[in-house]
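As stored in data_20.cif (mmCIF, C-alpha atoms):
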```cif
data_entry
#
loop_
_atom_site.label_atom_id
_atom_site.label_comp_id
_atom_site.auth_asym_id
_atom_site.auth_seq_id
_atom_site.Cartn_x
_atom_site.Cartn_y
_atom_site.Cartn_z
CA MET G 1 27.70 161.49 123.63
CA ALA G 2 27.84 159.80 120.23
CA GLY G 3 28.85 156.16 120.03
CA PRO G 4 31.84 154.75 118.12
CA ARG G 5 31.92 155.26 114.35
CA THR G 6 32.42 151.53 113.75
CA PRO G 7 31.78 148.39 115.82
CA LEU G 8 35.25 146.94 115.24
CA LEU G 9 36.75 147.91 118.61
CA LYS G 10 33.69 148.59 120.75
CA PRO G 11 30.80 146.59 119.28
CA ARG G 12 28.69 146.76 122.46
CA ALA G 13 28.78 150.57 122.56
CA TYR G 14 28.37 150.89 118.80
CA PHE G 15 25.26 148.75 118.48
CA ALA G 16 23.77 150.02 121.75
CA SER G 17 23.84 153.54 120.29
CA ARG G 18 21.87 152.44 117.23
CA THR G 19 18.34 151.22 116.85
CA PRO G 20 17.40 148.73 114.12
CA PRO G 21 17.04 148.93 111.20
CA PHE G 22 20.78 149.38 110.78
CA SER G 23 22.32 151.24 107.84
CA PHE G 24 22.37 148.78 104.96
CA GLY G 25 24.19 151.23 102.71
CA ARG G 26 27.23 151.24 104.99
CA ALA G 27 27.19 147.45 104.99
CA LEU G 28 27.37 147.42 101.21
CA LEU G 29 30.36 149.77 101.34
CA VAL G 30 32.06 147.53 103.90
CA VAL G 31 31.54 144.40 101.80
CA GLY G 32 32.73 146.23 98.71
CA LEU G 33 35.90 147.35 100.50
CA VAL G 34 36.59 143.88 101.88
CA THR G 35 36.05 142.37 98.44
CA LEU G 36 38.45 144.75 96.73
CA VAL G 37 41.14 144.35 99.41
CA LEU G 38 40.94 140.55 99.34
CA THR G 39 40.97 140.49 95.54
CA ALA G 40 44.03 142.75 95.38
CA GLY G 41 45.72 140.88 98.23
CA VAL G 42 45.26 137.44 96.73
CA GLY G 43 46.41 138.72 93.35
CA GLY G 44 49.48 140.33 94.91
CA ILE G 45 50.45 137.20 96.81
CA LEU G 46 50.03 135.04 93.73
CA TRP G 47 52.01 137.46 91.58
CA THR G 48 54.82 137.57 94.15
CA PHE G 49 54.90 133.80 94.21
CA THR G 50 55.10 133.43 90.43
CA GLU G 51 57.78 136.13 90.17
CA GLN G 52 60.14 133.85 92.09
CA LEU G 53 59.77 131.02 89.57
CA ASP G 54 62.30 131.95 86.88
CA GLN G 55 63.12 128.36 85.95
CA GLN G 56 62.65 127.29 82.33
CA VAL G 57 60.53 124.19 81.73
CA SER G 58 59.88 122.31 78.51
CA VAL G 59 56.27 122.27 77.32
CA ASP G 60 54.45 121.23 74.17
CA ASN G 61 54.70 123.80 71.40
CA PRO G 62 51.15 124.85 70.42
CA ASP G 63 52.41 125.84 66.96
CA HIS G 64 53.72 122.33 66.26
CA ARG G 65 51.43 119.87 64.49
CA PRO G 66 51.72 116.16 65.30
CA GLU G 67 53.25 113.87 62.71
CA TRP G 68 50.00 111.99 62.08
CA ALA G 69 48.23 115.24 61.14
CA CYS G 70 51.00 116.25 58.77
CA ASP G 71 50.90 112.86 57.02
CA GLU G 72 47.47 113.81 55.65
CA TYR G 73 49.15 116.42 53.44
CA GLU G 74 51.66 114.02 51.89
CA ASP G 75 51.17 111.76 48.84
CA GLY G 76 48.21 109.51 49.41
CA GLY G 77 46.85 111.63 52.24
CA ALA G 78 43.39 113.12 52.41
CA PHE G 79 44.75 116.65 51.79
CA GLU G 80 47.62 115.88 49.38
CA ASP G 81 46.51 118.67 47.04
CA MET G 82 46.86 121.27 49.79
CA SER G 83 49.99 122.86 51.22
CA PRO G 84 50.80 121.64 54.74
CA PRO G 85 50.38 124.18 57.55
CA GLU G 86 53.42 125.91 59.04
CA GLY G 87 53.25 123.64 62.07
CA CYS G 88 54.38 120.72 59.91
CA ASP G 89 57.67 122.39 58.99
CA PRO G 90 60.65 120.55 60.56
CA SER G 91 61.93 123.90 61.83
CA VAL G 92 58.95 124.13 64.22
CA PRO G 93 60.07 122.31 67.41
CA GLU G 94 57.79 119.89 69.20
CA HIS G 95 58.65 121.46 72.56
CA VAL G 96 59.56 124.97 73.69
CA ASP G 97 60.97 126.39 76.92
CA ARG G 98 58.69 128.53 79.02
CA ARG G 99 59.25 130.36 82.27
CA LEU G 100 57.69 128.36 85.13
CA GLY G 101 56.23 131.45 86.80
CA ASP G 102 54.38 132.42 83.62
CA LEU G 103 52.86 128.95 83.37
CA VAL G 104 51.72 129.01 87.00
CA TRP G 105 50.22 132.48 86.59
CA GLN G 106 48.43 131.36 83.44
CA GLU G 107 46.81 128.50 85.36
CA LEU G 108 45.91 130.46 88.51
CA SER G 109 45.24 134.00 87.31
CA TRP G 110 41.50 133.36 87.66
CA VAL G 111 41.78 132.96 91.43
CA PRO G 112 41.98 136.69 92.36
CA TRP G 113 39.08 137.56 90.06
CA SER G 114 36.96 134.83 91.61
CA MET G 115 37.12 136.75 94.90
CA LEU G 116 34.86 139.39 93.37
CA VAL G 117 32.09 136.79 93.40
CA LEU G 118 33.08 134.55 96.30
CA VAL G 119 33.38 137.26 98.96
CA PRO G 120 29.84 138.69 98.48
CA LEU G 121 28.49 135.15 98.16
CA PHE G 122 30.18 134.14 101.39
CA TRP G 123 28.70 137.24 103.05
CA VAL G 124 25.16 136.22 102.13
CA ILE G 125 25.67 132.57 103.10
CA GLU G 126 27.05 133.53 106.51
CA ALA G 127 24.17 135.95 107.05
CA VAL G 128 21.63 133.24 106.23
CA LEU G 129 23.23 130.86 108.71
CA LEU G 130 23.38 133.50 111.44
CA HIS G 131 19.80 134.56 110.78
CA LEU G 132 18.54 130.99 110.98
CA GLY G 133 20.63 130.31 114.07
CA THR G 134 19.34 133.33 115.95
CA SER G 135 15.78 132.42 114.93
CA LEU G 136 16.23 129.14 116.81
CA VAL G 137 17.04 131.03 120.02
CA GLY G 138 14.10 133.42 119.72
CA GLY G 139 15.55 136.11 117.47
CA ALA G 140 13.26 138.51 115.63
CA GLY G 141 13.97 141.23 113.13
CA ARG G 142 14.86 141.94 109.53
CA PHE G 143 17.30 139.89 107.50
CA THR G 144 18.98 143.09 106.33
CA ASP G 145 20.04 143.80 109.92
CA THR G 146 21.73 140.39 110.02
CA LEU G 147 23.44 141.24 106.73
CA VAL G 148 24.77 144.45 108.26
CA VAL G 149 26.17 142.68 111.31
CA THR G 150 27.69 139.95 109.14
CA ALA G 151 29.35 142.55 106.93
CA TRP G 152 31.11 144.21 109.85
CA GLY G 153 32.32 140.80 110.98
CA MET G 154 34.10 140.34 107.64
CA VAL G 155 36.47 143.27 108.17
CA PRO G 156 38.92 141.30 110.38
CA SER G 157 39.51 138.94 107.45
CA MET G 158 41.53 141.73 105.82
CA LEU G 159 43.95 141.61 108.76
CA ARG G 160 44.45 137.92 108.19
CA LEU G 161 45.32 138.43 104.53
CA LEU G 162 47.63 141.38 105.22
CA VAL G 163 49.61 139.57 107.92
CA VAL G 164 49.91 136.28 106.06
CA GLY G 165 50.59 138.08 102.78
CA ALA G 166 53.31 140.27 104.29
CA TYR G 167 54.96 137.22 105.83
CA LEU G 168 54.83 135.33 102.55
CA VAL G 169 56.20 138.23 100.51
CA SER G 170 59.06 138.82 102.94
CA ARG G 171 60.09 135.16 102.94
CA LEU G 172 59.88 134.78 99.17
CA GLY G 173 61.87 137.96 98.65
CA GLU G 174 64.81 136.47 100.56
CA LEU G 175 64.99 133.29 98.48
CA SER G 176 67.59 132.43 95.87
CA LEU G 177 66.06 129.58 93.92
CA PRO G 178 68.03 126.97 91.97
CA SER G 179 67.31 126.47 88.27
CA ASP G 180 65.92 122.97 88.70
CA PRO G 181 62.12 123.23 89.24
CA GLU G 182 61.94 120.37 91.73
CA ALA G 183 64.82 121.74 93.78
CA ALA G 184 63.23 125.21 93.67
CA VAL G 185 59.96 123.86 95.04
CA ALA G 186 61.85 122.11 97.86
CA VAL G 187 63.61 125.36 98.79
CA MET G 188 60.31 127.27 98.85
CA GLU G 189 58.61 124.63 100.97
CA SER G 190 61.46 124.80 103.47
CA ALA G 191 61.38 128.61 103.60
CA LEU G 192 57.62 128.69 104.16
CA SER G 193 57.56 125.91 106.74
CA GLY G 194 56.47 128.34 109.45
CA LEU G 195 53.53 129.65 107.46
CA GLY G 196 51.15 127.12 109.01
CA LEU G 197 51.86 128.40 112.52
CA VAL G 198 51.53 132.04 111.48
CA THR G 199 48.30 131.34 109.62
CA GLY G 200 46.87 129.40 112.55
CA LEU G 201 47.56 132.12 115.11
CA VAL G 202 46.24 134.89 112.88
CA THR G 203 43.16 132.83 112.00
CA LEU G 204 42.29 132.30 115.67
CA ALA G 205 42.68 136.02 116.37
CA VAL G 206 40.57 136.99 113.36
CA VAL G 207 37.79 134.51 114.15
CA ALA G 208 37.66 135.66 117.78
CA TRP G 209 37.48 139.30 116.66
CA ALA G 210 34.72 138.65 114.12
CA THR G 211 32.76 136.60 116.66
CA TYR G 212 33.05 139.41 119.20
CA VAL G 213 31.65 141.96 116.75
CA ARG G 214 28.83 139.75 115.52
CA THR G 215 27.73 138.64 118.97
CA TYR G 216 26.83 142.14 120.12
CA GLY G 217 25.50 143.08 116.70
CA LEU G 218 23.10 140.15 116.57
CA ALA G 219 22.05 140.64 120.18
CA ARG G 220 20.91 144.14 119.26
CA GLY G 221 19.69 143.52 115.74
CA ARG G 222 17.80 140.30 116.54
CA ASP G 223 16.63 141.40 120.03
CA ILE G 224 18.10 138.49 121.95
CA ASP G 225 20.40 138.10 124.95
CA VAL G 226 24.13 138.38 124.38
CA ALA G 227 24.55 134.83 125.68
CA ASP G 228 22.07 133.48 123.12
CA ALA G 229 23.76 135.43 120.34
CA ALA G 230 27.13 134.05 121.46
CA ILE G 231 25.84 130.49 121.18
CA VAL G 232 25.10 131.10 117.51
CA THR G 233 28.21 133.11 116.61
CA VAL G 234 30.65 130.89 118.48
CA GLY G 235 29.00 127.78 117.06
CA LEU G 236 29.33 129.05 113.49
CA SER G 237 32.94 130.08 114.11
CA VAL G 238 33.84 126.64 115.45
CA VAL G 239 32.22 124.95 112.46
CA GLY G 240 34.16 127.25 110.13
CA LEU G 241 37.45 126.41 111.84
CA LEU G 242 36.72 122.70 111.58
CA PHE G 243 36.14 123.08 107.84
CA GLU G 244 39.51 124.81 107.48
CA LEU G 245 41.24 121.97 109.30
CA VAL G 246 39.70 119.26 107.11
#
```

Written form, structure tokens:
Amino acid sequence: MAGPRTPLLKPRAYFASRTPPFSFGRALLVVGLVTLVLTAGVGGILWTFTEQLDQQVSVDNPDHRPEWACDEYEDGGAFEDMSPPEGCDPSVPEHVDRRLGDLVWQELSWVPWSMLVLVPLFWVIEAVLLHLGTSLVGGAGRFTDTLVVTAWGMVPSMLRLLVVGAYLVSRLGELSLPSDPEAAVAVMESALSGLGLVTGLVTLAVVAWATYVRTYGLARGRDIDVADAAIVTVGLSVVGLLFELV
């Protein structure tokens, strides 16, 4: 009887039915899928957030030139023989109104794209730590097998994003924000006050799930006891949670 197709629900049976070396190609597909989902999810959450910010705020007009620069084109200035640029015209205002959401998106639009690099990088870093940790408890085997196990352990992170993202989108969609930016921020903070609890519960569930998958995967891939593998996986998970709390 063939084992499970993935280790997500039955990692013991999945890895017991396979002999190292594990399929590295499938691991690459898994990491690619996780990367794309997280990139799209973070972008969607950020876009939803900025769509709620319709307030107009006053910002410096990039087309306006400061008075000291325009003085150089007047009599006695360094460029008095040249026509002043359009930004010196009195009709060009010093400040213009911009939509707050557009300004926030302009500042943070790089965040989703950074996931394309950060997720694979995080995969490799986690694999290195797990490989070194299992080496300390007598583990043996190829680093690529550790990469495979680590990749499968990343899949639960998509659940975390989907749950938190869905909660955030639903709460933001119900808001009616005032025109004053400071008052709007206060309303959003009040509406999202329960996000910390939701995030905490989902994070604990996701970490436990990932640890479960990786424990049996490393026990098989690194040829060590499940208890020894658990020492490493649980230890790394605890350290990761502590970093999130700091």

Item to check | Neighbour list for Thr6 in chain G as number ranges by chain, cut-off 12 Å, all atoms listed in the file, skip fewer than 2 positions in-chain | outcome: G: 2-4, 8-18, 23, 26-27, 30, 148-149, 151-153, 155, 213, 217

Next on the checklist: Give me the residues near range 131-138 of chain G as a list in words, where near means some atom within 8 Å (using only C-alpha atoms) and where sequence neighbours in that chain fewer than 4 positions away do not count.
Outcome noted: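 With the cut-off at 8 Å, the set is Ala127, Phe143, Thr146, Leu218, Arg222, Ile224, Asp228, Ala229 and Val232 of chain G.
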
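The closest residue to Pro20 in chain G, picked from G:Val226, G:Ala166, G:Ala140, G:Leu172 and counting all atoms listed in the file, is G:Ala140.
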
Checklist entry - Taking (48.7, 135.8, 108.1) in the file's coordinates as the center, which residues reach within 10 Å of it, counting only C-alpha atoms, put as a list in words? => result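 Protein, DNA and RNA residues close to (48.7, 135.8, 108.1): Ser157, Met158, Leu159, Arg160, Leu161, Leu162, Val163, Val164, Gly165, Ala166, Tyr167, Leu168, Leu195, Gly196, Leu197, Val198, Thr199, Gly200, Leu201, Val202, Thr203 and Val206 of chain G.
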
Item to check | Between CA of Asp102 in chain G and CA of Val57 in chain G - distance in Å to one decimal | outcome: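 If I compute the distance from CA of Val57 in chain G to CA of Asp102 in chain G, I get 10.4 Å.
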
Draw an axis-aligned box over all listed atoms of range 100-118 of chain G, pad each side with 4 Å, and write its centre and edge lengths in Å, one decimal, as lines of an AutoDock Vina configuration file.
```
center_x = 44.9
center_y = 133.9
center_z = 89.8
size_x = 33.6
size_y = 19.0
size_z = 20.9
```

Next on the checklist: What does the structure give for the distance between CA of Val187 in chain G and CA of Leu175 in chain G, in Å to one decimal?
Outcome noted: 8.1 Å

Go through the shown structure with the PyMOL selection byres ((chain G and resi 83-100) around 8) and write out the matching residues as a short mmCIF file (atom, residue, chain, number, x, y, z; two decimals) with C-alpha atoms, in the coordinates of the input.
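After the write, selection.cif holds the following:
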```
data_model
loop_
_atom_site.label_atom_id
_atom_site.label_comp_id
_atom_site.auth_asym_id
_atom_site.auth_seq_id
_atom_site.Cartn_x
_atom_site.Cartn_y
_atom_site.Cartn_z
CA THR G 50 55.10 133.43 90.43
CA LEU G 53 59.77 131.02 89.57
CA ASP G 54 62.30 131.95 86.88
CA GLN G 55 63.12 128.36 85.95
CA GLN G 56 62.65 127.29 82.33
CA VAL G 57 60.53 124.19 81.73
CA SER G 58 59.88 122.31 78.51
CA VAL G 59 56.27 122.27 77.32
CA ASP G 60 54.45 121.23 74.17
CA ASN G 61 54.70 123.80 71.40
CA ASP G 63 52.41 125.84 66.96
CA HIS G 64 53.72 122.33 66.26
CA ARG G 65 51.43 119.87 64.49
CA PRO G 66 51.72 116.16 65.30
CA GLU G 67 53.25 113.87 62.71
CA CYS G 70 51.00 116.25 58.77
CA TYR G 73 49.15 116.42 53.44
CA GLU G 80 47.62 115.88 49.38
CA ASP G 81 46.51 118.67 47.04
CA MET G 82 46.86 121.27 49.79
CA GLY G 101 56.23 131.45 86.80
CA ASP G 102 54.38 132.42 83.62
CA LEU G 103 52.86 128.95 83.37
CA VAL G 104 51.72 129.01 87.00
CA PRO G 181 62.12 123.23 89.24
#
```

Next on the checklist: Expand the PyMOL selection byres ((chain G and resi 38) around 9) into the explicit residue set it covers here, and present it as an NGL selection string.
Outcome noted: :G and (33-37 or 39-43 or 112 or 115-116 or 119 or 157-158 or 161-162)

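Note that the spacing between CA of Leu245 in chain G and CA of Leu204 in chain G amounts to 12.2 Å.
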
Item to check | Close residues, Ala230 in chain G itself excluded, 9 Å, all atoms listed in the file, min 6 positions apart in chain, as a PyMOL selection string | outcome: chain G and resi 211-212+214-216+218-219

Restricted to C-alpha atoms, what would the selected residues look like written as a PDB file, in the frame of the given file?
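again_12.pdb was written with the following content:
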```
ATOM      1  CA  THR G 211      32.760 136.600 116.660  1.00  0.00           C
ATOM      2  CA  TYR G 212      33.050 139.410 119.200  1.00  0.00           C
ATOM      3  CA  ARG G 214      28.830 139.750 115.520  1.00  0.00           C
ATOM      4  CA  THR G 215      27.730 138.640 118.970  1.00  0.00           C
ATOM      5  CA  TYR G 216      26.830 142.140 120.120  1.00  0.00           C
ATOM      6  CA  LEU G 218      23.100 140.150 116.570  1.00  0.00           C
ATOM      7  CA  ALA G 219      22.050 140.640 120.180  1.00  0.00           C
TER       8      ALA G 219
END
```

Checklist entry - Of the residues G:Leu241, G:Ala183, G:Val169, G:Ile125, which is the one nearest to Gly44 in chain G, using all atoms listed in the file? => result G:Val169
